[in-house]
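Have a look at entry12.json below; it lists JSON, C-alpha atoms.
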```
[["chain", "number", "residue", "atom", "x", "y", "z"],
["A", 509, "MET", "CA", 48.24, 213.80, 129.09],
["A", 510, "ALA", "CA", 47.83, 213.52, 132.87],
["A", 511, "GLU", "CA", 49.19, 210.38, 134.51],
["A", 512, "ASP", "CA", 45.82, 209.59, 136.09],
["A", 513, "SER", "CA", 44.33, 209.38, 132.59],
["A", 514, "TYR", "CA", 45.90, 205.92, 132.45],
["A", 515, "ASP", "CA", 44.47, 204.69, 135.76],
["A", 516, "LEU", "CA", 42.52, 201.47, 135.30],
["A", 517, "ASP", "CA", 38.96, 200.96, 136.49],
["A", 518, "LYS", "CA", 39.11, 197.52, 138.13],
["A", 519, "ARG", "CA", 35.34, 197.04, 137.76],
["A", 520, "LEU", "CA", 35.68, 197.44, 134.01],
["A", 521, "VAL", "CA", 38.75, 195.18, 133.96],
["A", 522, "ARG", "CA", 36.73, 192.45, 135.69],
["A", 523, "ALA", "CA", 33.78, 192.92, 133.34],
["A", 524, "ALA", "CA", 36.01, 192.79, 130.26],
["A", 525, "PHE", "CA", 37.65, 189.51, 131.28],
["A", 526, "ASP", "CA", 34.37, 187.97, 132.42],
["A", 527, "HIS", "CA", 32.96, 188.74, 128.98],
["A", 528, "ALA", "CA", 36.08, 187.46, 127.18],
["A", 529, "ALA", "CA", 36.38, 184.17, 129.06],
["A", 530, "PRO", "CA", 34.62, 181.99, 126.42],
["A", 531, "SER", "CA", 36.78, 183.36, 123.58],
["A", 532, "TYR", "CA", 40.05, 183.81, 125.47],
["A", 533, "ASP", "CA", 41.79, 180.48, 124.86],
["A", 534, "ALA", "CA", 41.16, 180.58, 121.12],
["A", 535, "HIS", "CA", 43.04, 183.88, 120.80],
["A", 536, "ALA", "CA", 45.62, 183.81, 123.62],
["A", 537, "VAL", "CA", 48.51, 182.54, 121.50],
["A", 538, "LEU", "CA", 50.95, 185.17, 122.74],
["A", 539, "GLN", "CA", 49.87, 184.73, 126.35],
["A", 540, "ARG", "CA", 50.51, 180.98, 126.21],
["A", 541, "GLU", "CA", 53.86, 181.48, 124.51],
["A", 542, "ILE", "CA", 54.99, 183.82, 127.27],
["A", 543, "THR", "CA", 53.79, 181.38, 129.94],
["A", 544, "ASP", "CA", 55.80, 178.61, 128.24],
["A", 545, "ARG", "CA", 58.89, 180.81, 128.26],
["A", 546, "MET", "CA", 58.40, 181.50, 131.95],
["A", 547, "LEU", "CA", 58.07, 177.78, 132.63],
["A", 548, "ALA", "CA", 61.34, 177.14, 130.80],
["A", 549, "ARG", "CA", 63.05, 179.56, 133.18],
["A", 550, "LEU", "CA", 61.97, 177.40, 136.12],
["A", 551, "ASP", "CA", 64.33, 174.70, 134.83],
["A", 552, "TYR", "CA", 67.22, 176.81, 136.13],
["A", 553, "ILE", "CA", 65.71, 177.63, 139.52],
["A", 554, "LYS", "CA", 65.83, 175.18, 142.41],
["A", 555, "HIS", "CA", 62.64, 175.57, 144.36],
["A", 556, "ALA", "CA", 60.05, 173.11, 145.62],
["A", 557, "PRO", "CA", 56.98, 174.98, 146.91],
["A", 558, "THR", "CA", 54.39, 173.24, 149.02],
["A", 559, "ARG", "CA", 51.85, 176.05, 148.57],
["A", 560, "LEU", "CA", 51.90, 178.33, 145.55],
["A", 561, "LEU", "CA", 49.79, 181.14, 144.19],
["A", 562, "ASP", "CA", 49.03, 181.73, 140.50],
["A", 563, "ALA", "CA", 48.19, 185.44, 140.66],
["A", 564, "GLY", "CA", 46.11, 186.28, 137.61],
["A", 565, "ALA", "CA", 45.42, 182.71, 136.58],
["A", 566, "GLY", "CA", 42.99, 183.51, 133.77],
["A", 567, "THR", "CA", 41.53, 180.36, 132.25],
["A", 568, "GLY", "CA", 44.16, 178.21, 133.96],
["A", 569, "TYR", "CA", 46.75, 177.38, 131.31],
["A", 570, "GLY", "CA", 49.64, 178.30, 133.61],
["A", 571, "SER", "CA", 47.98, 176.69, 136.63],
["A", 572, "ALA", "CA", 47.73, 173.37, 134.79],
["A", 573, "GLN", "CA", 51.43, 173.47, 133.90],
["A", 574, "LEU", "CA", 52.37, 174.33, 137.48],
["A", 575, "ARG", "CA", 50.27, 171.43, 138.82],
["A", 576, "THR", "CA", 52.21, 169.10, 136.53],
["A", 577, "ARG", "CA", 55.56, 170.53, 137.62],
["A", 578, "TYR", "CA", 54.69, 170.55, 141.33],
["A", 579, "PRO", "CA", 52.24, 167.64, 141.69],
["A", 580, "ASN", "CA", 52.34, 167.60, 145.50],
["A", 581, "ALA", "CA", 51.85, 171.31, 145.99],
["A", 582, "HIS", "CA", 48.65, 173.04, 147.04],
["A", 583, "LEU", "CA", 47.91, 175.49, 144.22],
["A", 584, "LEU", "CA", 45.79, 178.61, 144.58],
["A", 585, "ALA", "CA", 44.54, 180.02, 141.27],
["A", 586, "LEU", "CA", 43.52, 183.63, 141.79],
["A", 587, "ASP", "CA", 41.85, 185.93, 139.27],
["A", 588, "LEU", "CA", 39.72, 189.05, 139.26],
["A", 589, "ALA", "CA", 37.18, 187.49, 136.86],
["A", 590, "GLU", "CA", 34.99, 184.65, 138.12],
["A", 591, "SER", "CA", 34.18, 183.53, 134.55],
["A", 592, "MET", "CA", 37.87, 182.92, 133.93],
["A", 593, "LEU", "CA", 38.13, 180.81, 137.08],
["A", 594, "GLN", "CA", 35.12, 178.71, 136.07],
["A", 595, "ILE", "CA", 37.18, 177.56, 133.08],
["A", 596, "ALA", "CA", 40.38, 177.27, 135.12],
["A", 597, "ARG", "CA", 38.94, 174.90, 137.72],
["A", 598, "PRO", "CA", 40.12, 171.34, 136.96],
["A", 599, "LYS", "CA", 37.82, 168.36, 136.99],
["A", 600, "PRO", "CA", 39.53, 165.99, 139.46],
["A", 601, "SER", "CA", 39.08, 162.25, 139.40],
["A", 602, "LEU", "CA", 37.19, 160.47, 142.17],
["A", 603, "TRP", "CA", 40.49, 159.34, 143.69],
["A", 604, "GLN", "CA", 41.81, 162.91, 143.72],
["A", 605, "ARG", "CA", 38.63, 164.15, 145.40],
["A", 606, "LEU", "CA", 38.80, 161.45, 148.08],
["A", 607, "SER", "CA", 42.53, 161.72, 148.73],
["A", 608, "ARG", "CA", 42.78, 165.50, 148.36],
["A", 609, "ALA", "CA", 45.89, 164.85, 146.26],
["A", 610, "ALA", "CA", 47.31, 167.81, 144.36],
["A", 611, "ARG", "CA", 44.98, 170.27, 146.11],
["A", 612, "PHE", "CA", 43.62, 173.11, 144.00],
["A", 613, "ASP", "CA", 41.59, 176.11, 145.06],
["A", 614, "ALA", "CA", 40.22, 178.91, 142.88],
["A", 615, "VAL", "CA", 39.99, 182.35, 144.47],
["A", 616, "CYS", "CA", 38.21, 185.33, 142.90],
["A", 617, "ALA", "CA", 40.05, 188.38, 144.20],
["A", 618, "ASP", "CA", 42.22, 191.36, 143.36],
["A", 619, "ILE", "CA", 46.03, 191.01, 143.33],
["A", 620, "ASP", "CA", 46.25, 194.29, 145.20],
["A", 621, "ARG", "CA", 44.15, 192.92, 148.09],
["A", 622, "LEU", "CA", 45.10, 189.28, 148.47],
["A", 623, "PRO", "CA", 42.78, 187.36, 150.83],
["A", 624, "LEU", "CA", 45.70, 185.32, 152.15],
["A", 625, "LYS", "CA", 47.55, 185.20, 155.44],
["A", 626, "THR", "CA", 50.97, 186.78, 155.80],
["A", 627, "SER", "CA", 53.84, 184.41, 154.93],
["A", 628, "SER", "CA", 51.38, 181.71, 153.83],
["A", 629, "VAL", "CA", 52.76, 180.69, 150.39],
["A", 630, "ASP", "CA", 56.16, 179.53, 149.14],
["A", 631, "MET", "CA", 55.87, 180.79, 145.59],
["A", 632, "VAL", "CA", 53.95, 183.47, 143.70],
["A", 633, "TRP", "CA", 53.64, 183.05, 139.94],
["A", 634, "SER", "CA", 52.11, 185.85, 137.86],
["A", 635, "SER", "CA", 52.02, 185.75, 134.07],
["A", 636, "LEU", "CA", 50.74, 188.91, 132.34],
["A", 637, "ALA", "CA", 48.55, 190.19, 135.15],
["A", 638, "LEU", "CA", 50.60, 193.02, 136.65],
["A", 639, "GLN", "CA", 49.88, 195.34, 133.72],
["A", 640, "TRP", "CA", 46.28, 195.42, 134.99],
["A", 641, "CYS", "CA", 47.38, 196.92, 138.32],
["A", 642, "ASN", "CA", 47.56, 200.66, 138.91],
["A", 643, "ASP", "CA", 50.41, 200.71, 141.42],
["A", 644, "LEU", "CA", 53.15, 198.07, 141.46],
["A", 645, "ASN", "CA", 54.21, 199.25, 144.90],
["A", 646, "VAL", "CA", 50.89, 197.91, 146.18],
["A", 647, "SER", "CA", 51.02, 194.72, 144.08],
["A", 648, "PHE", "CA", 54.58, 193.75, 144.99],
["A", 649, "GLY", "CA", 53.90, 194.75, 148.60],
["A", 650, "GLU", "CA", 51.09, 192.19, 148.70],
["A", 651, "PHE", "CA", 53.24, 189.52, 147.05],
["A", 652, "TYR", "CA", 55.98, 190.17, 149.61],
["A", 653, "ARG", "CA", 53.47, 190.00, 152.46],
["A", 654, "VAL", "CA", 52.02, 186.59, 151.55],
["A", 655, "LEU", "CA", 55.36, 184.99, 150.66],
["A", 656, "ALA", "CA", 57.15, 183.12, 153.43],
["A", 657, "PRO", "CA", 60.89, 183.59, 154.01],
["A", 658, "GLY", "CA", 62.70, 181.62, 151.32],
["A", 659, "GLY", "CA", 59.77, 182.16, 148.95],
["A", 660, "LEU", "CA", 60.05, 182.90, 145.24],
["A", 661, "LEU", "CA", 58.25, 185.48, 143.11],
["A", 662, "MET", "CA", 58.24, 184.85, 139.36],
["A", 663, "PHE", "CA", 56.40, 187.08, 136.92],
["A", 664, "ALA", "CA", 56.06, 188.39, 133.38],
["A", 665, "THR", "CA", 54.49, 191.68, 132.36],
["A", 666, "PHE", "CA", 54.53, 194.14, 129.47],
["A", 667, "GLY", "CA", 56.94, 197.06, 129.10],
["A", 668, "PRO", "CA", 56.49, 200.58, 127.65],
["A", 669, "ASP", "CA", 57.04, 199.63, 123.99],
["A", 670, "THR", "CA", 54.06, 197.27, 124.03],
["A", 671, "LEU", "CA", 51.58, 198.13, 121.24],
["A", 672, "LYS", "CA", 53.64, 201.20, 120.41],
["A", 673, "GLU", "CA", 52.34, 201.19, 116.84],
["A", 674, "LEU", "CA", 48.73, 201.27, 118.03],
["A", 675, "ARG", "CA", 49.50, 203.99, 120.57],
["A", 676, "GLN", "CA", 51.15, 206.18, 117.92],
["A", 677, "ALA", "CA", 48.36, 205.59, 115.42],
["A", 678, "PHE", "CA", 45.71, 206.61, 117.97],
["A", 679, "ALA", "CA", 47.74, 209.74, 118.80],
["A", 680, "CYS", "CA", 47.19, 210.84, 115.20],
["A", 681, "VAL", "CA", 43.44, 210.49, 115.61],
["A", 682, "ASP", "CA", 42.59, 212.05, 118.99],
["A", 683, "GLY", "CA", 43.98, 213.00, 122.38],
["A", 684, "TYR", "CA", 42.39, 210.24, 124.45],
["A", 685, "SER", "CA", 44.22, 207.34, 126.09],
["A", 686, "HIS", "CA", 43.69, 204.06, 124.26],
["A", 687, "VAL", "CA", 46.51, 201.79, 125.46],
["A", 688, "ASN", "CA", 47.56, 200.99, 129.03],
["A", 689, "ARG", "CA", 50.58, 202.66, 130.58],
["A", 690, "PHE", "CA", 53.34, 200.05, 131.01],
["A", 691, "VAL", "CA", 56.20, 200.31, 133.51],
["A", 692, "ASP", "CA", 59.88, 200.26, 132.51],
["A", 693, "MET", "CA", 61.95, 197.21, 133.49],
["A", 694, "HIS", "CA", 64.40, 199.25, 135.59],
["A", 695, "ASP", "CA", 61.56, 200.89, 137.50],
["A", 696, "ILE", "CA", 60.08, 197.46, 138.20],
["A", 697, "GLY", "CA", 63.40, 196.35, 139.64],
["A", 698, "ASP", "CA", 63.46, 199.39, 141.92],
["A", 699, "VAL", "CA", 59.94, 198.64, 143.15],
["A", 700, "LEU", "CA", 60.92, 195.02, 143.91],
["A", 701, "VAL", "CA", 63.83, 196.15, 146.08],
["A", 702, "SER", "CA", 61.69, 198.78, 147.78],
["A", 703, "ALA", "CA", 59.07, 196.11, 148.59],
["A", 704, "GLY", "CA", 61.72, 194.03, 150.36],
["A", 705, "PHE", "CA", 62.62, 191.44, 147.73],
["A", 706, "ALA", "CA", 66.20, 190.21, 147.44],
["A", 707, "THR", "CA", 68.41, 189.52, 144.41],
["A", 708, "PRO", "CA", 65.91, 190.47, 141.68],
["A", 709, "VAL", "CA", 66.77, 189.19, 138.21],
["A", 710, "MET", "CA", 65.19, 190.92, 135.21],
["A", 711, "ASP", "CA", 65.36, 190.48, 131.46],
["A", 712, "MET", "CA", 63.35, 191.63, 128.45],
["A", 713, "GLU", "CA", 62.59, 190.62, 124.90],
["A", 714, "TYR", "CA", 60.50, 191.92, 122.01],
["A", 715, "ILE", "CA", 57.85, 189.75, 120.37],
["A", 716, "THR", "CA", 56.18, 191.06, 117.22],
["A", 717, "LEU", "CA", 52.94, 189.68, 115.84],
["A", 718, "THR", "CA", 51.88, 190.61, 112.31],
["A", 719, "TYR", "CA", 48.47, 191.00, 110.68],
["A", 720, "ASP", "CA", 47.01, 191.49, 107.22],
["A", 721, "ASP", "CA", 45.20, 194.61, 108.39],
["A", 722, "LEU", "CA", 44.17, 196.41, 111.56],
["A", 723, "LYS", "CA", 40.79, 194.78, 112.14],
["A", 724, "PRO", "CA", 42.09, 191.30, 113.18],
["A", 725, "LEU", "CA", 44.44, 192.91, 115.72],
["A", 726, "MET", "CA", 41.62, 194.89, 117.30],
["A", 727, "GLN", "CA", 39.33, 191.85, 117.29],
["A", 728, "GLU", "CA", 42.03, 189.76, 118.97],
["A", 729, "LEU", "CA", 42.58, 192.33, 121.72],
["A", 730, "LYS", "CA", 38.83, 192.38, 122.35],
["A", 731, "ALA", "CA", 38.61, 188.57, 122.37],
["A", 732, "ILE", "CA", 41.20, 188.29, 125.16],
["A", 733, "GLY", "CA", 39.60, 191.04, 127.23],
["A", 734, "ALA", "CA", 42.26, 193.69, 126.54],
["A", 735, "HIS", "CA", 39.76, 196.53, 126.34],
["A", 736, "ASN", "CA", 40.59, 200.17, 126.90],
["A", 737, "VAL", "CA", 39.53, 200.71, 130.52],
["A", 738, "THR", "CA", 41.77, 203.69, 131.29],
["A", 739, "ALA", "CA", 40.29, 206.75, 132.97],
["A", 740, "GLY", "CA", 41.18, 208.95, 129.99],
["A", 741, "ARG", "CA", 39.42, 206.84, 127.39],
["A", 742, "ASN", "CA", 36.82, 208.17, 124.98],
["A", 743, "GLN", "CA", 33.60, 206.66, 126.31],
["A", 744, "GLY", "CA", 31.79, 207.07, 123.01],
["A", 745, "LEU", "CA", 31.77, 204.63, 120.12],
["A", 746, "MET", "CA", 34.36, 204.90, 117.38],
["A", 747, "GLY", "CA", 32.67, 206.15, 114.22],
["A", 748, "ARG", "CA", 33.55, 205.27, 110.66],
["A", 749, "THR", "CA", 35.54, 208.46, 110.08],
["A", 750, "ARG", "CA", 37.79, 207.92, 113.11],
["A", 751, "TRP", "CA", 38.22, 204.24, 112.24],
["A", 752, "HIS", "CA", 39.40, 205.07, 108.72],
["A", 753, "ALA", "CA", 41.75, 207.70, 110.19],
["A", 754, "LEU", "CA", 43.17, 205.07, 112.56],
["A", 755, "GLU", "CA", 43.66, 202.59, 109.73],
["A", 756, "ALA", "CA", 45.45, 205.23, 107.66],
["A", 757, "ALA", "CA", 47.73, 206.16, 110.58],
["A", 758, "TYR", "CA", 48.62, 202.52, 111.26],
["A", 759, "GLU", "CA", 49.47, 201.90, 107.59],
["A", 760, "LYS", "CA", 52.79, 203.73, 107.94],
["A", 761, "PHE", "CA", 54.06, 200.79, 110.00],
["A", 762, "ARG", "CA", 53.37, 198.18, 107.30],
["A", 763, "GLN", "CA", 56.43, 196.09, 106.46],
["A", 764, "GLU", "CA", 56.65, 193.41, 103.79],
["A", 765, "GLY", "CA", 52.90, 193.55, 103.38],
["A", 766, "ARG", "CA", 52.08, 193.02, 107.06],
["A", 767, "LEU", "CA", 51.12, 195.27, 109.96],
["A", 768, "PRO", "CA", 53.24, 194.70, 113.10],
["A", 769, "ALA", "CA", 52.12, 194.75, 116.73],
["A", 770, "THR", "CA", 55.09, 194.93, 119.08],
["A", 771, "TYR", "CA", 55.10, 193.53, 122.61],
["A", 772, "GLU", "CA", 57.88, 194.32, 125.07],
["A", 773, "VAL", "CA", 57.88, 191.38, 127.47],
["A", 774, "ILE", "CA", 59.57, 191.76, 130.84],
["A", 775, "TYR", "CA", 60.46, 188.69, 132.90],
["A", 776, "GLY", "CA", 61.56, 188.79, 136.51],
["A", 777, "HIS", "CA", 62.08, 186.76, 139.62],
["A", 778, "ALA", "CA", 63.15, 187.60, 143.15],
["A", 779, "TRP", "CA", 63.37, 185.98, 146.57],
["A", 780, "VAL", "CA", 62.15, 186.71, 150.06],
["A", 781, "ASN", "CA", 64.92, 186.39, 152.64],
["A", 782, "GLN", "CA", 64.34, 186.59, 156.37],
["A", 783, "LYS", "CA", 61.78, 189.37, 156.62],
["A", 784, "THR", "CA", 63.09, 192.56, 158.24],
["A", 785, "ARG", "CA", 59.92, 194.64, 157.99],
["A", 786, "THR", "CA", 56.18, 194.29, 157.78],
["A", 787, "ALA", "CA", 54.14, 195.00, 154.67],
["A", 788, "ASP", "CA", 53.38, 198.53, 155.90],
["A", 789, "GLY", "CA", 57.09, 199.34, 156.26],
["A", 790, "ARG", "CA", 57.60, 198.81, 160.01],
["A", 791, "HIS", "CA", 60.90, 197.12, 160.91],
["A", 792, "ILE", "CA", 60.91, 193.66, 162.47],
["A", 793, "ILE", "CA", 63.47, 193.34, 165.28],
["A", 794, "GLN", "CA", 64.82, 189.82, 165.72],
["A", 795, "MET", "CA", 65.67, 189.13, 169.36],
["A", 796, "ASP", "CA", 67.04, 186.03, 171.09],
["A", 797, "ILE", "CA", 65.12, 186.33, 174.37],
["A", 798, "GLN", "CA", 67.06, 183.51, 176.06],
["A", 799, "ARG", "CA", 70.42, 185.12, 175.27],
["A", 800, "ARG", "CA", 69.22, 188.57, 176.32],
["A", 801, "ARG", "CA", 68.02, 187.23, 179.66],
["A", 802, "SER", "CA", 71.36, 185.53, 180.19],
["A", 803, "GLU", "CA", 73.28, 188.72, 179.41],
["A", 804, "LYS", "CA", 71.20, 190.65, 181.95],
["A", 805, "GLY", "CA", 71.60, 187.96, 184.61],
["A", 806, "LEU", "CA", 67.91, 187.13, 184.62],
["A", 807, "LEU", "CA", 68.31, 183.36, 184.29]]
```
What would you get if you wrote out this structure as structure tokens?
Amino acid sequence: MAEDSYDLDKRLVRAAFDHAAPSYDAHAVLQREITDRMLARLDYIKHAPTRLLDAGAGTGYGSAQLRTRYPNAHLLALDLAESMLQIARPKPSLWQRLSRAARFDAVCADIDRLPLKTSSVDMVWSSLALQWCNDLNVSFGEFYRVLAPGGLLMFATFGPDTLKELRQAFACVDGYSHVNRFVDMHDIGDVLVSAGFATPVMDMEYITLTYDDLKPLMQELKAIGAHNVTAGRNQGLMGRTRWHALEAAYEKFRQEGRLPATYEVIYGHAWVNQKTRTADGRHIIQMDIQRRRSEKGLL
């Protein structure tokens, strides 16, 4: 299948998550677990941001935890879906509104086109949003651009083995794309370095959820907004015959009476040192004007 068959339509991504916002928190067990595991990793990283970006904030679970961890920081919660941000926005007390303590701003925008100034944040946090981007070179390029020198990027995303059972079952039914294309951990590391990040640290783990049958899995994916929005999708409805064929194909994965759904979770963090090039690849030349003038006898 052509690579562009897996390209994501951002308009459909936004619509899916807008629609899923009311049901998201009730079904996002895995998403919260991964966020908690990311937060635990912060215990081993010394960093005190004054302005941080939650890129792909969703309904705000991670943002709330970050506000607790960094109570004096100005937090920007950014998401593609406005309905998600309506849930994410906290309800500050009167004192917080008057004092502007623990500032919080919600921004509806695309990770690949961040409406932020260059070098304007000290930390970018992104939990399970990067898999909804078509080109990580663009996404990491934007993260690098908005991070100030000394800034930290911390993220989690899904790897290629994610929903491998569902992908294989669908392959037995038709030739359309049904599951996103996920990027390998080593390729992500290469993109980080190419974007300008320093000392990237990556690790991976498998998390497997199990179900009585296929229907609850598909309902859960729909409830969290994980629709098939790839360019190579079948735009018609799934009929009864194809559904039964999918169920039969998935049955071969049943173990101990349960159907598994595998998730390959990739965690990573990296730093921004003194910037040596701009976001578009042009080199930044550091020059001590005073010393240069002295060397040329101009003082």
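When CA of Cys680 (chain A) is paired with CA of His535 (chain A), their separation reads 27.8 Å.
Between CA of Arg575 (chain A) and CA of Tyr775 (chain A) there is a distance of 20.9 Å.
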Please build the interface table for region 687-760 of chain A against region 646-655 of chain A with a cut-off of 10 Å, listing for each qualifying residue the nearest atom pair and the distance in Å to one decimal; count only C-alpha atoms, order rows by chain and increasing number, and write it as JSON lines.
```
{"residue": "A:Ile696", "atom": "CA", "partner": "A:Phe648", "partner_atom": "CA", "distance": 9.5}
{"residue": "A:Val699", "atom": "CA", "partner": "A:Phe648", "partner_atom": "CA", "distance": 7.5}
{"residue": "A:Leu700", "atom": "CA", "partner": "A:Phe648", "partner_atom": "CA", "distance": 6.6}
{"residue": "A:Val701", "atom": "CA", "partner": "A:Phe648", "partner_atom": "CA", "distance": 9.6}
{"residue": "A:Ser702", "atom": "CA", "partner": "A:Gly649", "partner_atom": "CA", "distance": 8.8}
{"residue": "A:Ala703", "atom": "CA", "partner": "A:Gly649", "partner_atom": "CA", "distance": 5.3}
{"residue": "A:Gly704", "atom": "CA", "partner": "A:Tyr652", "partner_atom": "CA", "distance": 7.0}
{"residue": "A:Phe705", "atom": "CA", "partner": "A:Tyr652", "partner_atom": "CA", "distance": 7.0}
```
Please write out, as AutoDock Vina command-line options, where the centre of an axis-aligned box around all listed atoms of region 709-726 of chain A lies and how long its edges are, in Å to one decimal, after adding 5 Å on each side.
```
--center_x 53.8 --center_y 192.8 --center_z 122.7 --size_x 36.0 --size_y 17.2 --size_z 41.0
```
Requested in this report: Quote the spacing between CA of Val629 (chain A) and CA of Gly658 (chain A) in Å to one decimal place.
Outcome: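 Straight-line distance from CA of Val629 (chain A) to CA of Gly658 (chain A) works out to 10.0 Å.
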Query raised in the report: Restricting the calculation to all atoms listed in the file, which member of A:Cys616, A:Leu661, A:Leu717, A:Val737 is positioned closest to Arg519 (chain A)?
Result: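 So, comparing all the options, the nearest one is A:Val737.
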Please, could N, CA and C atoms be added to region 556-578 of chain A and the result written as a PDB file, keeping the file's coordinate frame?
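Written out: selection-v2.pdb:
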```pdb
ATOM      1  N   ALA A 556      61.091 174.135 145.521  1.00  0.00           N
ATOM      2  CA  ALA A 556      60.050 173.110 145.620  1.00  0.00           C
ATOM      3  C   ALA A 556      58.954 173.602 146.556  1.00  0.00           C
ATOM      4  N   PRO A 557      58.032 174.415 146.053  1.00  0.00           N
ATOM      5  CA  PRO A 557      56.980 174.980 146.910  1.00  0.00           C
ATOM      6  C   PRO A 557      55.980 173.927 147.349  1.00  0.00           C
ATOM      7  N   THR A 558      55.478 174.100 148.554  1.00  0.00           N
ATOM      8  CA  THR A 558      54.390 173.240 149.020  1.00  0.00           C
ATOM      9  C   THR A 558      53.044 173.938 148.864  1.00  0.00           C
ATOM     10  N   ARG A 559      53.077 175.271 148.772  1.00  0.00           N
ATOM     11  CA  ARG A 559      51.850 176.050 148.570  1.00  0.00           C
ATOM     12  C   ARG A 559      52.196 177.216 147.659  1.00  0.00           C
ATOM     13  N   LEU A 560      51.551 177.280 146.507  1.00  0.00           N
ATOM     14  CA  LEU A 560      51.900 178.330 145.550  1.00  0.00           C
ATOM     15  C   LEU A 560      50.664 179.026 145.026  1.00  0.00           C
ATOM     16  N   LEU A 561      50.873 180.275 144.655  1.00  0.00           N
ATOM     17  CA  LEU A 561      49.790 181.140 144.190  1.00  0.00           C
ATOM     18  C   LEU A 561      50.028 181.515 142.740  1.00  0.00           C
ATOM     19  N   ASP A 562      49.033 181.240 141.881  1.00  0.00           N
ATOM     20  CA  ASP A 562      49.030 181.730 140.500  1.00  0.00           C
ATOM     21  C   ASP A 562      48.190 182.994 140.506  1.00  0.00           C
ATOM     22  N   ALA A 563      48.861 184.142 140.516  1.00  0.00           N
ATOM     23  CA  ALA A 563      48.190 185.440 140.660  1.00  0.00           C
ATOM     24  C   ALA A 563      47.847 186.000 139.292  1.00  0.00           C
ATOM     25  N   GLY A 564      46.568 185.919 138.942  1.00  0.00           N
ATOM     26  CA  GLY A 564      46.110 186.280 137.610  1.00  0.00           C
ATOM     27  C   GLY A 564      46.071 185.057 136.735  1.00  0.00           C
ATOM     28  N   ALA A 565      45.381 184.032 137.215  1.00  0.00           N
ATOM     29  CA  ALA A 565      45.420 182.710 136.580  1.00  0.00           C
ATOM     30  C   ALA A 565      44.673 182.639 135.264  1.00  0.00           C
ATOM     31  N   GLY A 566      43.748 183.557 135.020  1.00  0.00           N
ATOM     32  CA  GLY A 566      42.990 183.510 133.770  1.00  0.00           C
ATOM     33  C   GLY A 566      42.217 182.210 133.657  1.00  0.00           C
ATOM     34  N   THR A 567      42.265 181.606 132.482  1.00  0.00           N
ATOM     35  CA  THR A 567      41.530 180.360 132.250  1.00  0.00           C
ATOM     36  C   THR A 567      42.307 179.127 132.690  1.00  0.00           C
ATOM     37  N   GLY A 568      43.487 179.323 133.298  1.00  0.00           N
ATOM     38  CA  GLY A 568      44.160 178.210 133.960  1.00  0.00           C
ATOM     39  C   GLY A 568      45.246 177.500 133.191  1.00  0.00           C
ATOM     40  N   TYR A 569      45.685 178.054 132.064  1.00  0.00           N
ATOM     41  CA  TYR A 569      46.750 177.380 131.310  1.00  0.00           C
ATOM     42  C   TYR A 569      48.021 177.250 132.156  1.00  0.00           C
ATOM     43  N   GLY A 570      48.449 178.346 132.773  1.00  0.00           N
ATOM     44  CA  GLY A 570      49.640 178.300 133.610  1.00  0.00           C
ATOM     45  C   GLY A 570      49.443 177.427 134.832  1.00  0.00           C
ATOM     46  N   SER A 571      48.266 177.501 135.441  1.00  0.00           N
ATOM     47  CA  SER A 571      47.980 176.690 136.630  1.00  0.00           C
ATOM     48  C   SER A 571      48.124 175.204 136.325  1.00  0.00           C
ATOM     49  N   ALA A 572      47.633 174.788 135.168  1.00  0.00           N
ATOM     50  CA  ALA A 572      47.730 173.370 134.790  1.00  0.00           C
ATOM     51  C   ALA A 572      49.181 172.946 134.644  1.00  0.00           C
ATOM     52  N   GLN A 573      50.006 173.810 134.063  1.00  0.00           N
ATOM     53  CA  GLN A 573      51.430 173.470 133.900  1.00  0.00           C
ATOM     54  C   GLN A 573      52.122 173.419 135.261  1.00  0.00           C
ATOM     55  N   LEU A 574      51.760 174.323 136.154  1.00  0.00           N
ATOM     56  CA  LEU A 574      52.370 174.330 137.480  1.00  0.00           C
ATOM     57  C   LEU A 574      51.952 173.099 138.279  1.00  0.00           C
ATOM     58  N   ARG A 575      50.719 172.648 138.116  1.00  0.00           N
ATOM     59  CA  ARG A 575      50.270 171.430 138.820  1.00  0.00           C
ATOM     60  C   ARG A 575      51.052 170.213 138.349  1.00  0.00           C
ATOM     61  N   THR A 576      51.399 170.199 137.060  1.00  0.00           N
ATOM     62  CA  THR A 576      52.210 169.100 136.530  1.00  0.00           C
ATOM     63  C   THR A 576      53.629 169.161 137.081  1.00  0.00           C
ATOM     64  N   ARG A 577      54.178 170.359 137.150  1.00  0.00           N
ATOM     65  CA  ARG A 577      55.560 170.530 137.620  1.00  0.00           C
ATOM     66  C   ARG A 577      55.674 170.282 139.123  1.00  0.00           C
ATOM     67  N   TYR A 578      54.657 170.703 139.872  1.00  0.00           N
ATOM     68  CA  TYR A 578      54.690 170.550 141.330  1.00  0.00           C
ATOM     69  C   TYR A 578      53.463 169.744 141.762  1.00  0.00           C
TER      70      TYR A 578
END
```
